[in-house]
>>> print(open('structure_17.cif').read())   # mmCIF, C-alpha atoms
data_data
loop_
_atom_site.label_atom_id
_atom_site.label_comp_id
_atom_site.auth_asym_id
_atom_site.auth_seq_id
_atom_site.Cartn_x
_atom_site.Cartn_y
_atom_site.Cartn_z
CA MET W 10 -73.28 25.04 32.90
CA THR W 11 -73.04 27.46 35.79
CA LYS W 12 -70.45 30.17 35.47
CA MET W 13 -69.03 31.82 38.54
CA ILE W 14 -67.47 35.21 39.20
CA GLU W 15 -65.81 36.04 42.50
CA MET W 16 -64.74 39.41 43.87
CA LYS W 17 -63.06 40.27 47.14
CA ILE W 18 -62.85 43.92 48.09
CA PRO W 19 -61.79 45.78 51.22
CA ALA W 20 -64.91 46.60 53.24
CA GLU W 21 -64.64 50.33 52.66
CA ALA W 22 -67.27 52.57 51.11
CA ARG W 23 -64.82 53.92 48.50
CA PHE W 24 -64.39 50.44 46.98
CA LEU W 25 -68.10 49.69 46.52
CA LYS W 26 -68.11 51.21 43.04
CA ILE W 27 -65.90 48.31 41.91
CA ILE W 28 -68.70 45.91 42.90
CA ARG W 29 -71.28 48.11 41.16
CA ILE W 30 -69.36 48.15 37.89
CA GLY W 31 -68.86 44.36 38.00
CA VAL W 32 -72.49 43.62 38.86
CA GLY W 33 -73.90 46.00 36.24
CA TYR W 34 -71.73 44.58 33.48
CA THR W 35 -72.46 40.97 34.45
CA CYS W 36 -76.21 41.64 34.41
CA GLU W 37 -75.87 43.25 30.98
CA LEU W 38 -73.93 40.24 29.68
CA ILE W 39 -76.60 37.75 30.63
CA GLY W 40 -79.45 39.77 29.17
CA PHE W 41 -81.14 41.74 31.93
CA SER W 42 -82.90 44.91 30.80
CA SER W 43 -81.21 48.20 31.43
CA GLU W 44 -83.67 48.94 34.27
CA ASP W 45 -83.00 45.53 35.87
CA GLN W 46 -79.23 46.04 35.53
CA ASN W 47 -79.51 49.31 37.46
CA ASN W 48 -81.87 47.91 40.08
CA ILE W 49 -79.83 44.73 40.71
CA THR W 50 -76.69 46.86 41.00
CA LEU W 51 -78.49 49.05 43.54
CA ALA W 52 -79.64 46.01 45.57
CA VAL W 53 -76.16 44.42 45.73
CA ASP W 54 -74.61 47.81 46.54
CA GLU W 55 -77.10 48.34 49.38
CA ALA W 56 -76.28 44.90 50.80
CA CYS W 57 -72.54 45.71 50.63
CA SER W 58 -73.15 49.10 52.27
CA ASN W 59 -74.91 47.33 55.13
CA ILE W 60 -71.87 45.08 55.59
CA VAL W 61 -69.57 48.13 55.75
CA LYS W 62 -71.86 50.00 58.16
CA TYR W 63 -73.20 47.29 60.44
CA ALA W 64 -71.17 44.07 60.22
CA TYR W 65 -67.81 45.83 60.27
CA ASP W 66 -68.72 49.17 61.89
CA GLN W 67 -66.76 50.95 59.13
CA SER W 68 -63.53 49.15 60.13
CA PRO W 69 -61.33 49.33 57.02
CA SER W 70 -59.24 46.18 57.56
CA ASP W 71 -61.98 43.69 56.65
CA ILE W 72 -63.22 42.22 53.38
CA ILE W 73 -66.44 41.64 51.47
CA HIS W 74 -66.46 38.43 49.45
CA MET W 75 -69.00 38.41 46.63
CA THR W 76 -69.73 35.28 44.63
CA CYS W 77 -71.93 35.61 41.58
CA ARG W 78 -73.35 32.52 39.89
CA LEU W 79 -74.85 32.76 36.43
CA TYR W 80 -77.61 30.34 35.48
CA ASN W 81 -79.73 30.19 32.33
CA ASP W 82 -82.73 31.63 34.13
CA ARG W 83 -81.24 33.66 37.00
CA ILE W 84 -78.32 35.36 38.66
CA GLU W 85 -77.36 34.56 42.25
CA PHE W 86 -75.16 36.68 44.49
CA THR W 87 -73.70 35.45 47.75
CA LEU W 88 -72.28 38.14 49.99
CA ARG W 89 -70.08 36.94 52.80
CA ASP W 90 -68.58 38.97 55.62
CA PHE W 91 -66.71 38.01 58.76
CA GLY W 92 -67.91 40.82 61.00
CA LYS W 93 -70.56 41.17 63.67
CA LYS W 94 -73.52 38.83 63.31
CA VAL W 95 -76.61 40.66 62.14
CA ASN W 96 -79.65 40.09 64.31
CA GLU W 97 -82.26 38.69 61.94
CA SER W 98 -85.12 40.43 63.74
CA THR W 99 -83.56 43.78 62.84
CA ILE W 100 -83.36 42.88 59.13
CA LYS W 101 -86.67 44.21 58.00
CA SER W 102 -87.91 47.05 55.86
CA ARG W 103 -89.41 49.98 57.67
CA SER W 104 -92.77 51.38 56.69
CA LEU W 105 -92.35 53.81 53.82
CA ASP W 106 -95.02 56.00 55.37
CA ASP W 107 -92.50 56.74 58.10
CA ILE W 108 -90.56 59.41 56.23
CA ARG W 109 -87.15 59.79 57.81
CA PRO W 110 -83.52 59.48 56.78
CA GLY W 111 -82.11 55.96 56.79
CA GLY W 112 -83.49 52.43 56.93
CA LEU W 113 -84.29 52.25 53.23
CA GLY W 114 -81.57 49.81 52.16
CA VAL W 115 -83.39 46.60 53.09
CA HIS W 116 -86.57 47.87 51.44
CA LEU W 117 -84.68 48.53 48.21
CA ILE W 118 -83.02 45.08 48.29
CA LYS W 119 -86.33 43.30 48.85
CA SER W 120 -88.15 45.41 46.25
CA VAL W 121 -85.65 44.54 43.54
CA MET W 122 -84.57 40.94 44.15
CA ASP W 123 -86.83 37.90 43.73
CA GLU W 124 -85.24 36.03 46.66
CA VAL W 125 -83.41 37.40 49.70
CA PHE W 126 -82.05 34.80 52.08
CA TYR W 127 -79.94 35.32 55.22
CA ASP W 128 -78.06 32.13 56.06
CA THR W 129 -77.93 32.14 59.84
CA ASN W 130 -75.98 28.87 60.01
CA VAL W 131 -72.57 30.43 59.36
CA LYS W 132 -70.42 30.41 62.49
CA ILE W 133 -68.59 33.65 61.83
CA GLY W 134 -70.04 36.74 60.21
CA ASN W 135 -72.96 36.78 57.80
CA LYS W 136 -73.98 35.21 54.52
CA LEU W 137 -76.65 36.74 52.33
CA LYS W 138 -77.98 35.25 49.12
CA LEU W 139 -79.75 37.43 46.55
CA VAL W 140 -81.45 35.97 43.49
CA LYS W 141 -82.96 37.62 40.45
CA TYR W 142 -84.68 35.67 37.68
CA LEU W 143 -84.38 36.71 34.07
CA THR W 144 -88.13 36.19 33.71
CA HIS W 145 -89.90 37.35 36.81
CA LYS W 146 -91.09 34.32 38.78
CA GLY W 147 -92.84 36.17 41.58
CA ASN W 148 -91.51 37.67 44.79
CA THR W 149 -90.50 34.91 47.16
CA CYS W 150 -88.92 37.12 49.83
CA MET D 24 -65.35 61.46 42.07
CA LEU D 25 -68.32 63.47 43.28
CA LYS D 26 -68.37 67.18 42.58
CA VAL D 27 -70.60 69.46 44.64
CA ASP D 28 -70.93 73.15 43.80
CA VAL D 29 -72.97 75.65 45.78
CA ASN D 30 -74.06 78.91 44.23
CA LYS D 31 -75.80 81.18 46.72
CA GLN D 32 -77.63 84.32 45.65
CA ASP D 33 -79.69 86.27 48.19
CA ASP D 34 -81.97 83.80 49.95
CA ILE D 35 -81.64 80.97 47.45
CA ALA D 36 -78.85 78.41 47.01
CA ILE D 37 -78.37 76.06 44.09
CA ILE D 38 -76.48 72.86 44.88
CA THR D 39 -75.19 71.26 41.69
CA VAL D 40 -74.07 67.66 42.09
CA GLU D 41 -72.10 65.59 39.58
CA GLY D 42 -71.10 61.92 39.89
CA ASP D 43 -72.21 59.03 42.08
CA ILE D 44 -73.93 59.78 45.41
CA ASP D 45 -73.21 56.70 47.51
CA LEU D 46 -72.12 55.66 50.97
CA TYR D 47 -68.65 57.10 50.31
CA SER D 48 -69.64 60.44 48.79
CA SER D 49 -73.02 61.31 50.35
CA PRO D 50 -71.35 62.98 53.41
CA GLN D 51 -70.02 65.61 50.95
CA VAL D 52 -73.57 66.49 49.88
CA ARG D 53 -74.79 66.33 53.48
CA LYS D 54 -72.05 68.75 54.61
CA GLU D 55 -73.21 71.39 52.10
CA ILE D 56 -76.89 70.92 52.95
CA ILE D 57 -76.18 71.16 56.70
CA LYS D 58 -74.13 74.33 56.15
CA LEU D 59 -77.06 75.93 54.27
CA THR D 60 -79.70 74.78 56.74
CA ASN D 61 -77.59 76.02 59.69
CA ASP D 62 -77.76 79.45 58.00
CA GLU D 63 -81.50 78.91 57.49
CA THR D 64 -81.15 79.46 53.74
CA LYS D 65 -84.76 79.92 52.67
CA GLY D 66 -84.58 78.21 49.31
CA ILE D 67 -82.36 75.25 48.50
CA ILE D 68 -82.48 73.77 45.02
CA VAL D 69 -80.61 70.54 44.39
CA ASN D 70 -79.75 70.08 40.71
CA LEU D 71 -79.21 66.37 40.07
CA ALA D 72 -78.62 66.60 36.29
CA GLY D 73 -75.07 65.28 36.58
CA VAL D 74 -75.80 62.49 39.06
CA THR D 75 -74.99 59.09 37.61
CA TYR D 76 -75.96 56.93 40.61
CA MET D 77 -77.72 57.32 43.94
CA ASP D 78 -78.10 54.83 46.78
CA SER D 79 -80.18 54.96 49.95
CA SER D 80 -77.55 57.07 51.73
CA GLY D 81 -78.06 59.73 49.05
CA VAL D 82 -81.82 59.53 49.45
CA ALA D 83 -81.42 59.73 53.25
CA THR D 84 -79.27 62.86 52.88
CA LEU D 85 -82.00 64.57 50.85
CA VAL D 86 -84.75 63.46 53.26
CA GLU D 87 -82.73 64.88 56.17
CA GLY D 88 -82.25 68.13 54.24
CA LEU D 89 -85.98 68.36 53.54
CA GLN D 90 -86.80 67.87 57.22
CA LEU D 91 -84.26 70.48 58.35
CA VAL D 92 -85.59 73.00 55.82
CA ASN D 93 -89.18 72.30 56.85
CA ASP D 94 -88.24 73.04 60.48
CA TYR D 95 -87.62 76.71 59.64
CA LYS D 96 -90.32 76.82 56.94
CA GLY D 97 -87.89 77.03 54.05
CA LYS D 98 -88.13 75.20 50.73
CA LEU D 99 -86.02 72.37 49.34
CA PHE D 100 -86.67 71.65 45.69
CA MET D 101 -85.04 69.23 43.32
CA CYS D 102 -84.60 69.32 39.59
CA HIS D 103 -83.37 67.05 36.79
CA VAL D 104 -84.37 63.89 38.66
CA GLN D 105 -83.89 61.37 35.88
CA GLY D 106 -82.71 57.87 35.02
CA VAL D 107 -81.26 55.87 37.92
CA VAL D 108 -81.95 58.70 40.37
CA HIS D 109 -85.62 58.77 39.41
CA ASP D 110 -85.73 54.97 39.77
CA VAL D 111 -84.36 55.02 43.33
CA PHE D 112 -86.83 57.78 44.30
CA GLU D 113 -89.65 55.68 42.90
CA LEU D 114 -88.47 52.48 44.64
CA SER D 115 -88.26 54.46 47.90
CA ARG D 116 -91.71 55.91 47.15
CA LEU D 117 -90.28 59.35 47.87
CA ASP D 118 -90.99 60.80 44.45
CA LYS D 119 -94.22 62.22 45.92
CA VAL D 120 -92.55 63.56 49.06
CA PHE D 121 -90.07 65.84 47.32
CA SER D 122 -90.96 68.85 45.18
CA ILE D 123 -89.37 67.89 41.88
CA PHE D 124 -89.09 70.13 38.81
CA PRO D 125 -87.88 69.28 35.32
CA LYS D 126 -85.38 72.16 35.09
CA GLU D 127 -83.48 74.43 37.46
CA ALA D 128 -85.31 77.51 36.11
CA ASP D 129 -88.67 75.85 36.94
CA ALA D 130 -87.56 75.25 40.54
CA VAL D 131 -86.30 78.83 40.93
CA LYS D 132 -89.59 80.17 39.50
CA ALA D 133 -91.61 77.96 41.86
CA TYR D 134 -89.58 79.23 44.81
CA HIS D 135 -90.19 82.88 43.90
CA GLU D 136 -93.90 82.24 43.35
CA ALA D 137 -94.14 80.61 46.79
CA ASN D 138 -92.48 83.59 48.49
#
>>> encode(input="structure_17.cif", output="structure tokens")
Amino acid sequence: MTKMIEMKIPAEARFLKIIRIGVGYTCELIGFSSEDQNNITLAVDEACSNIVKYAYDQSPSDIIHMTCRLYNDRIEFTLRDFGKKVNESTIKSRSLDDIRPGGLGVHLIKSVMDEVFYDTNVKIGNKLKLVKYLTHKGNTC
Amino acid sequence: MLKVDVNKQDDIAIITVEGDIDLYSSPQVRKEIIKLTNDETKGIIVNLAGVTYMDSSGVATLVEGLQLVNDYKGKLFMCHVQGVVHDVFELSRLDKVFSIFPKEADAVKAYHEAN
């Protein structure tokens, strides 16, 4: 049976640690290795940071809604915001040979998670689904 | 909460960071690095022994610092890059870009040998 955890936090950088603690502990509970726990936490944190920075332009009155579904073989996160729509063509990792500050977040998310899916059908804001399998099933990004 | 201490002696500054470096706290680290690079501090050593988490904004802050230091031919070294911090450097493939030393004394020695 699928179990679900939901968190709603103000879309402010200072609250992102709450998400990190929740994600790390949930990953531990369902049996991810310590390295996977840290990496998944990083990926979800990076996605939330992008919401704060780009979807909401650091406006503190908005929320991030995270839904986490636990399956026998995987964990799925859905991150929902109600800010500016993200242009899908801009959601790509930059070349790591291009050494400069910034632009690493999407690379980190895609490196860590097995599936990264932007649902462009939502009318308002953005919806991002991140999936990590307990046993690696190959990168389907 | 993040704690950032700067200990400057002659032409070398040690930045000791404790806590999580994330979107919220990385501007604190950036502020100290910018202050030192504005003064063209020749050697900057960032001691990450007490860092419990680092995201891409933390990595970006260090990359920016490295570029600013390179502009005036200074040195930016790091030490005690371990655990989750090491992992994020590796994922970013920046572990080869930075000069990383196991201990602070190793970084200080390397700076003096290079000058």
>>> resolve_selection(input="structure_17.cif", expression="the PyMOL selection byres ((chain D and resi 115) around 9)", output="ChimeraX atom specification")
/W:105,113,116-117 /D:79,82,110-114,116-118
>>> closest_atom_pairs(input="structure_17.cif", of="chain W", to="chain D", cutoff="12 Å", atoms="only C-alpha atoms", output="JSON lines")
{"residue": "W:Ala20", "atom": "CA", "partner": "D:Tyr47", "partner_atom": "CA", "distance": 11.5}
{"residue": "W:Glu21", "atom": "CA", "partner": "D:Tyr47", "partner_atom": "CA", "distance": 8.2}
{"residue": "W:Ala22", "atom": "CA", "partner": "D:Tyr47", "partner_atom": "CA", "distance": 4.8}
{"residue": "W:Arg23", "atom": "CA", "partner": "D:Tyr47", "partner_atom": "CA", "distance": 5.3}
{"residue": "W:Phe24", "atom": "CA", "partner": "D:Tyr47", "partner_atom": "CA", "distance": 8.6}
{"residue": "W:Leu25", "atom": "CA", "partner": "D:Tyr47", "partner_atom": "CA", "distance": 8.3}
{"residue": "W:Lys26", "atom": "CA", "partner": "D:Asp45", "partner_atom": "CA", "distance": 8.7}
{"residue": "W:Arg29", "atom": "CA", "partner": "D:Tyr76", "partner_atom": "CA", "distance": 10.0}
{"residue": "W:Ile30", "atom": "CA", "partner": "D:Tyr76", "partner_atom": "CA", "distance": 11.3}
{"residue": "W:Gly33", "atom": "CA", "partner": "D:Tyr76", "partner_atom": "CA", "distance": 12.0}
{"residue": "W:Ser43", "atom": "CA", "partner": "D:Val107", "partner_atom": "CA", "distance": 10.0}
{"residue": "W:Glu44", "atom": "CA", "partner": "D:Val107", "partner_atom": "CA", "distance": 8.2}
{"residue": "W:Asp45", "atom": "CA", "partner": "D:Asp110", "partner_atom": "CA", "distance": 10.6}
{"residue": "W:Gln46", "atom": "CA", "partner": "D:Val107", "partner_atom": "CA", "distance": 10.3}
{"residue": "W:Asn47", "atom": "CA", "partner": "D:Val107", "partner_atom": "CA", "distance": 6.8}
{"residue": "W:Asn48", "atom": "CA", "partner": "D:Asp110", "partner_atom": "CA", "distance": 8.1}
{"residue": "W:Ile49", "atom": "CA", "partner": "D:Val111", "partner_atom": "CA", "distance": 11.5}
{"residue": "W:Thr50", "atom": "CA", "partner": "D:Asp78", "partner_atom": "CA", "distance": 9.9}
{"residue": "W:Leu51", "atom": "CA", "partner": "D:Asp78", "partner_atom": "CA", "distance": 6.6}
{"residue": "W:Ala52", "atom": "CA", "partner": "D:Asp78", "partner_atom": "CA", "distance": 9.0}
{"residue": "W:Val53", "atom": "CA", "partner": "D:Asp78", "partner_atom": "CA", "distance": 10.6}
{"residue": "W:Asp54", "atom": "CA", "partner": "D:Asp78", "partner_atom": "CA", "distance": 7.8}
{"residue": "W:Glu55", "atom": "CA", "partner": "D:Asp78", "partner_atom": "CA", "distance": 7.1}
{"residue": "W:Ala56", "atom": "CA", "partner": "D:Ser79", "partner_atom": "CA", "distance": 10.8}
{"residue": "W:Cys57", "atom": "CA", "partner": "D:Leu46", "partner_atom": "CA", "distance": 10.0}
{"residue": "W:Ser58", "atom": "CA", "partner": "D:Leu46", "partner_atom": "CA", "distance": 6.8}
{"residue": "W:Asn59", "atom": "CA", "partner": "D:Leu46", "partner_atom": "CA", "distance": 9.7}
{"residue": "W:Ile60", "atom": "CA", "partner": "D:Leu46", "partner_atom": "CA", "distance": 11.5}
{"residue": "W:Val61", "atom": "CA", "partner": "D:Leu46", "partner_atom": "CA", "distance": 9.3}
{"residue": "W:Lys62", "atom": "CA", "partner": "D:Leu46", "partner_atom": "CA", "distance": 9.2}
{"residue": "W:Gln67", "atom": "CA", "partner": "D:Leu46", "partner_atom": "CA", "distance": 10.8}
{"residue": "W:Ser102", "atom": "CA", "partner": "D:Ser115", "partner_atom": "CA", "distance": 10.9}
{"residue": "W:Arg103", "atom": "CA", "partner": "D:Ser115", "partner_atom": "CA", "distance": 10.8}
{"residue": "W:Ser104", "atom": "CA", "partner": "D:Ser115", "partner_atom": "CA", "distance": 10.3}
{"residue": "W:Leu105", "atom": "CA", "partner": "D:Arg116", "partner_atom": "CA", "distance": 7.0}
{"residue": "W:Asp106", "atom": "CA", "partner": "D:Arg116", "partner_atom": "CA", "distance": 8.9}
{"residue": "W:Asp107", "atom": "CA", "partner": "D:Leu117", "partner_atom": "CA", "distance": 10.8}
{"residue": "W:Ile108", "atom": "CA", "partner": "D:Val86", "partner_atom": "CA", "distance": 7.7}
{"residue": "W:Arg109", "atom": "CA", "partner": "D:Val86", "partner_atom": "CA", "distance": 6.3}
{"residue": "W:Pro110", "atom": "CA", "partner": "D:Ala83", "partner_atom": "CA", "distance": 4.1}
{"residue": "W:Gly111", "atom": "CA", "partner": "D:Ala83", "partner_atom": "CA", "distance": 5.2}
{"residue": "W:Gly112", "atom": "CA", "partner": "D:Ser79", "partner_atom": "CA", "distance": 8.1}
{"residue": "W:Leu113", "atom": "CA", "partner": "D:Ser79", "partner_atom": "CA", "distance": 5.9}
{"residue": "W:Gly114", "atom": "CA", "partner": "D:Ser79", "partner_atom": "CA", "distance": 5.8}
{"residue": "W:Val115", "atom": "CA", "partner": "D:Ser79", "partner_atom": "CA", "distance": 9.5}
{"residue": "W:His116", "atom": "CA", "partner": "D:Ser115", "partner_atom": "CA", "distance": 7.7}
{"residue": "W:Leu117", "atom": "CA", "partner": "D:Leu114", "partner_atom": "CA", "distance": 6.5}
{"residue": "W:Ile118", "atom": "CA", "partner": "D:Leu114", "partner_atom": "CA", "distance": 9.9}
{"residue": "W:Lys119", "atom": "CA", "partner": "D:Leu114", "partner_atom": "CA", "distance": 10.3}
{"residue": "W:Ser120", "atom": "CA", "partner": "D:Leu114", "partner_atom": "CA", "distance": 7.3}
{"residue": "W:Val121", "atom": "CA", "partner": "D:Leu114", "partner_atom": "CA", "distance": 8.5}
>>> resolve_selection(input="structure_17.cif", expression="the PyMOL selection byres ((chain W and resi 90) around 7)", output="ChimeraX atom specification")
/W:60,72-74,88-89,91-92,134-136
>>> residues_near_point(input="structure_17.cif", point="(-87.0, 80.2, 43.5)", cutoff="12 Å", atoms="only C-alpha atoms", output="PDB file with C-alpha atoms, in the frame of the given file")
ATOM      1  CA  LYS D  31     -75.800  81.180  46.720  1.00  0.00           C
ATOM      2  CA  GLN D  32     -77.630  84.320  45.650  1.00  0.00           C
ATOM      3  CA  ASP D  33     -79.690  86.270  48.190  1.00  0.00           C
ATOM      4  CA  ASP D  34     -81.970  83.800  49.950  1.00  0.00           C
ATOM      5  CA  ILE D  35     -81.640  80.970  47.450  1.00  0.00           C
ATOM      6  CA  ALA D  36     -78.850  78.410  47.010  1.00  0.00           C
ATOM      7  CA  ILE D  37     -78.370  76.060  44.090  1.00  0.00           C
ATOM      8  CA  THR D  64     -81.150  79.460  53.740  1.00  0.00           C
ATOM      9  CA  LYS D  65     -84.760  79.920  52.670  1.00  0.00           C
ATOM     10  CA  GLY D  66     -84.580  78.210  49.310  1.00  0.00           C
ATOM     11  CA  ILE D  67     -82.360  75.250  48.500  1.00  0.00           C
ATOM     12  CA  ILE D  68     -82.480  73.770  45.020  1.00  0.00           C
ATOM     13  CA  VAL D  69     -80.610  70.540  44.390  1.00  0.00           C
ATOM     14  CA  GLY D  97     -87.890  77.030  54.050  1.00  0.00           C
ATOM     15  CA  LYS D  98     -88.130  75.200  50.730  1.00  0.00           C
ATOM     16  CA  LEU D  99     -86.020  72.370  49.340  1.00  0.00           C
ATOM     17  CA  PHE D 100     -86.670  71.650  45.690  1.00  0.00           C
ATOM     18  CA  MET D 101     -85.040  69.230  43.320  1.00  0.00           C
ATOM     19  CA  CYS D 102     -84.600  69.320  39.590  1.00  0.00           C
ATOM     20  CA  PHE D 124     -89.090  70.130  38.810  1.00  0.00           C
ATOM     21  CA  LYS D 126     -85.380  72.160  35.090  1.00  0.00           C
ATOM     22  CA  GLU D 127     -83.480  74.430  37.460  1.00  0.00           C
ATOM     23  CA  ALA D 128     -85.310  77.510  36.110  1.00  0.00           C
ATOM     24  CA  ASP D 129     -88.670  75.850  36.940  1.00  0.00           C
ATOM     25  CA  ALA D 130     -87.560  75.250  40.540  1.00  0.00           C
ATOM     26  CA  VAL D 131     -86.300  78.830  40.930  1.00  0.00           C
ATOM     27  CA  LYS D 132     -89.590  80.170  39.500  1.00  0.00           C
ATOM     28  CA  ALA D 133     -91.610  77.960  41.860  1.00  0.00           C
ATOM     29  CA  TYR D 134     -89.580  79.230  44.810  1.00  0.00           C
ATOM     30  CA  HIS D 135     -90.190  82.880  43.900  1.00  0.00           C
ATOM     31  CA  GLU D 136     -93.900  82.240  43.350  1.00  0.00           C
ATOM     32  CA  ALA D 137     -94.140  80.610  46.790  1.00  0.00           C
ATOM     33  CA  ASN D 138     -92.480  83.590  48.490  1.00  0.00           C
TER      34      ASN D 138
END
>>> atom_distance(input="structure_17.cif", atom1="atom CA of Lys93 of chain W", atom2="atom CA of Lys141 of chain W")
26.6 Å
>>> decode(input="structure_17.cif", residues="segment 49-97 of chain D", atoms="C-alpha atoms", output="PDB file, in the first residue's frame")
ATOM      1  CA  SER D  49      25.579  31.043   1.369  1.00  0.00           C
ATOM      2  CA  PRO D  50      25.393  34.895   1.078  1.00  0.00           C
ATOM      3  CA  GLN D  51      27.143  35.003   4.492  1.00  0.00           C
ATOM      4  CA  VAL D  52      30.097  33.028   3.107  1.00  0.00           C
ATOM      5  CA  ARG D  53      30.044  35.048  -0.122  1.00  0.00           C
ATOM      6  CA  LYS D  54      30.174  38.332   1.825  1.00  0.00           C
ATOM      7  CA  GLU D  55      33.386  37.270   3.596  1.00  0.00           C
ATOM      8  CA  ILE D  56      35.007  35.982   0.404  1.00  0.00           C
ATOM      9  CA  ILE D  57      34.118  39.186  -1.485  1.00  0.00           C
ATOM     10  CA  LYS D  58      35.544  41.301   1.359  1.00  0.00           C
ATOM     11  CA  LEU D  59      38.849  39.375   1.173  1.00  0.00           C
ATOM     12  CA  THR D  60      39.033  39.416  -2.625  1.00  0.00           C
ATOM     13  CA  ASN D  61      38.270  43.166  -2.698  1.00  0.00           C
ATOM     14  CA  ASP D  62      41.388  43.559  -0.519  1.00  0.00           C
ATOM     15  CA  GLU D  63      43.226  41.199  -2.894  1.00  0.00           C
ATOM     16  CA  THR D  64      44.126  38.878  -0.016  1.00  0.00           C
ATOM     17  CA  LYS D  65      46.774  36.669  -1.588  1.00  0.00           C
ATOM     18  CA  GLY D  66      45.908  33.418   0.134  1.00  0.00           C
ATOM     19  CA  ILE D  67      42.409  32.364   1.124  1.00  0.00           C
ATOM     20  CA  ILE D  68      41.919  29.001   2.806  1.00  0.00           C
ATOM     21  CA  VAL D  69      38.379  27.786   3.360  1.00  0.00           C
ATOM     22  CA  ASN D  70      38.167  25.241   6.182  1.00  0.00           C
ATOM     23  CA  LEU D  71      35.011  23.164   5.674  1.00  0.00           C
ATOM     24  CA  ALA D  72      35.522  20.769   8.614  1.00  0.00           C
ATOM     25  CA  GLY D  73      32.353  21.950  10.360  1.00  0.00           C
ATOM     26  CA  VAL D  74      30.134  22.053   7.278  1.00  0.00           C
ATOM     27  CA  THR D  75      27.216  19.657   7.590  1.00  0.00           C
ATOM     28  CA  TYR D  76      25.527  20.345   4.230  1.00  0.00           C
ATOM     29  CA  MET D  77      26.280  22.189   1.009  1.00  0.00           C
ATOM     30  CA  ASP D  78      24.015  22.857  -1.968  1.00  0.00           C
ATOM     31  CA  SER D  79      24.769  24.312  -5.394  1.00  0.00           C
ATOM     32  CA  SER D  80      24.601  27.877  -4.052  1.00  0.00           C
ATOM     33  CA  GLY D  81      27.486  26.999  -1.716  1.00  0.00           C
ATOM     34  CA  VAL D  82      29.441  25.475  -4.586  1.00  0.00           C
ATOM     35  CA  ALA D  83      28.694  28.552  -6.726  1.00  0.00           C
ATOM     36  CA  THR D  84      29.996  30.826  -3.953  1.00  0.00           C
ATOM     37  CA  LEU D  85      33.301  28.935  -3.864  1.00  0.00           C
ATOM     38  CA  VAL D  86      33.591  28.905  -7.678  1.00  0.00           C
ATOM     39  CA  GLU D  87      33.026  32.667  -7.725  1.00  0.00           C
ATOM     40  CA  GLY D  88      35.674  33.090  -5.018  1.00  0.00           C
ATOM     41  CA  LEU D  89      38.153  30.988  -6.992  1.00  0.00           C
ATOM     42  CA  GLN D  90      37.580  33.073 -10.117  1.00  0.00           C
ATOM     43  CA  LEU D  91      37.985  36.368  -8.236  1.00  0.00           C
ATOM     44  CA  VAL D  92      41.206  35.160  -6.606  1.00  0.00           C
ATOM     45  CA  ASN D  93      42.550  33.917  -9.939  1.00  0.00           C
ATOM     46  CA  ASP D  94      41.954  37.398 -11.418  1.00  0.00           C
ATOM     47  CA  TYR D  95      44.654  38.886  -9.182  1.00  0.00           C
ATOM     48  CA  LYS D  96      46.790  35.724  -9.198  1.00  0.00           C
ATOM     49  CA  GLY D  97      46.050  34.806  -5.595  1.00  0.00           C
TER      50      GLY D  97
END
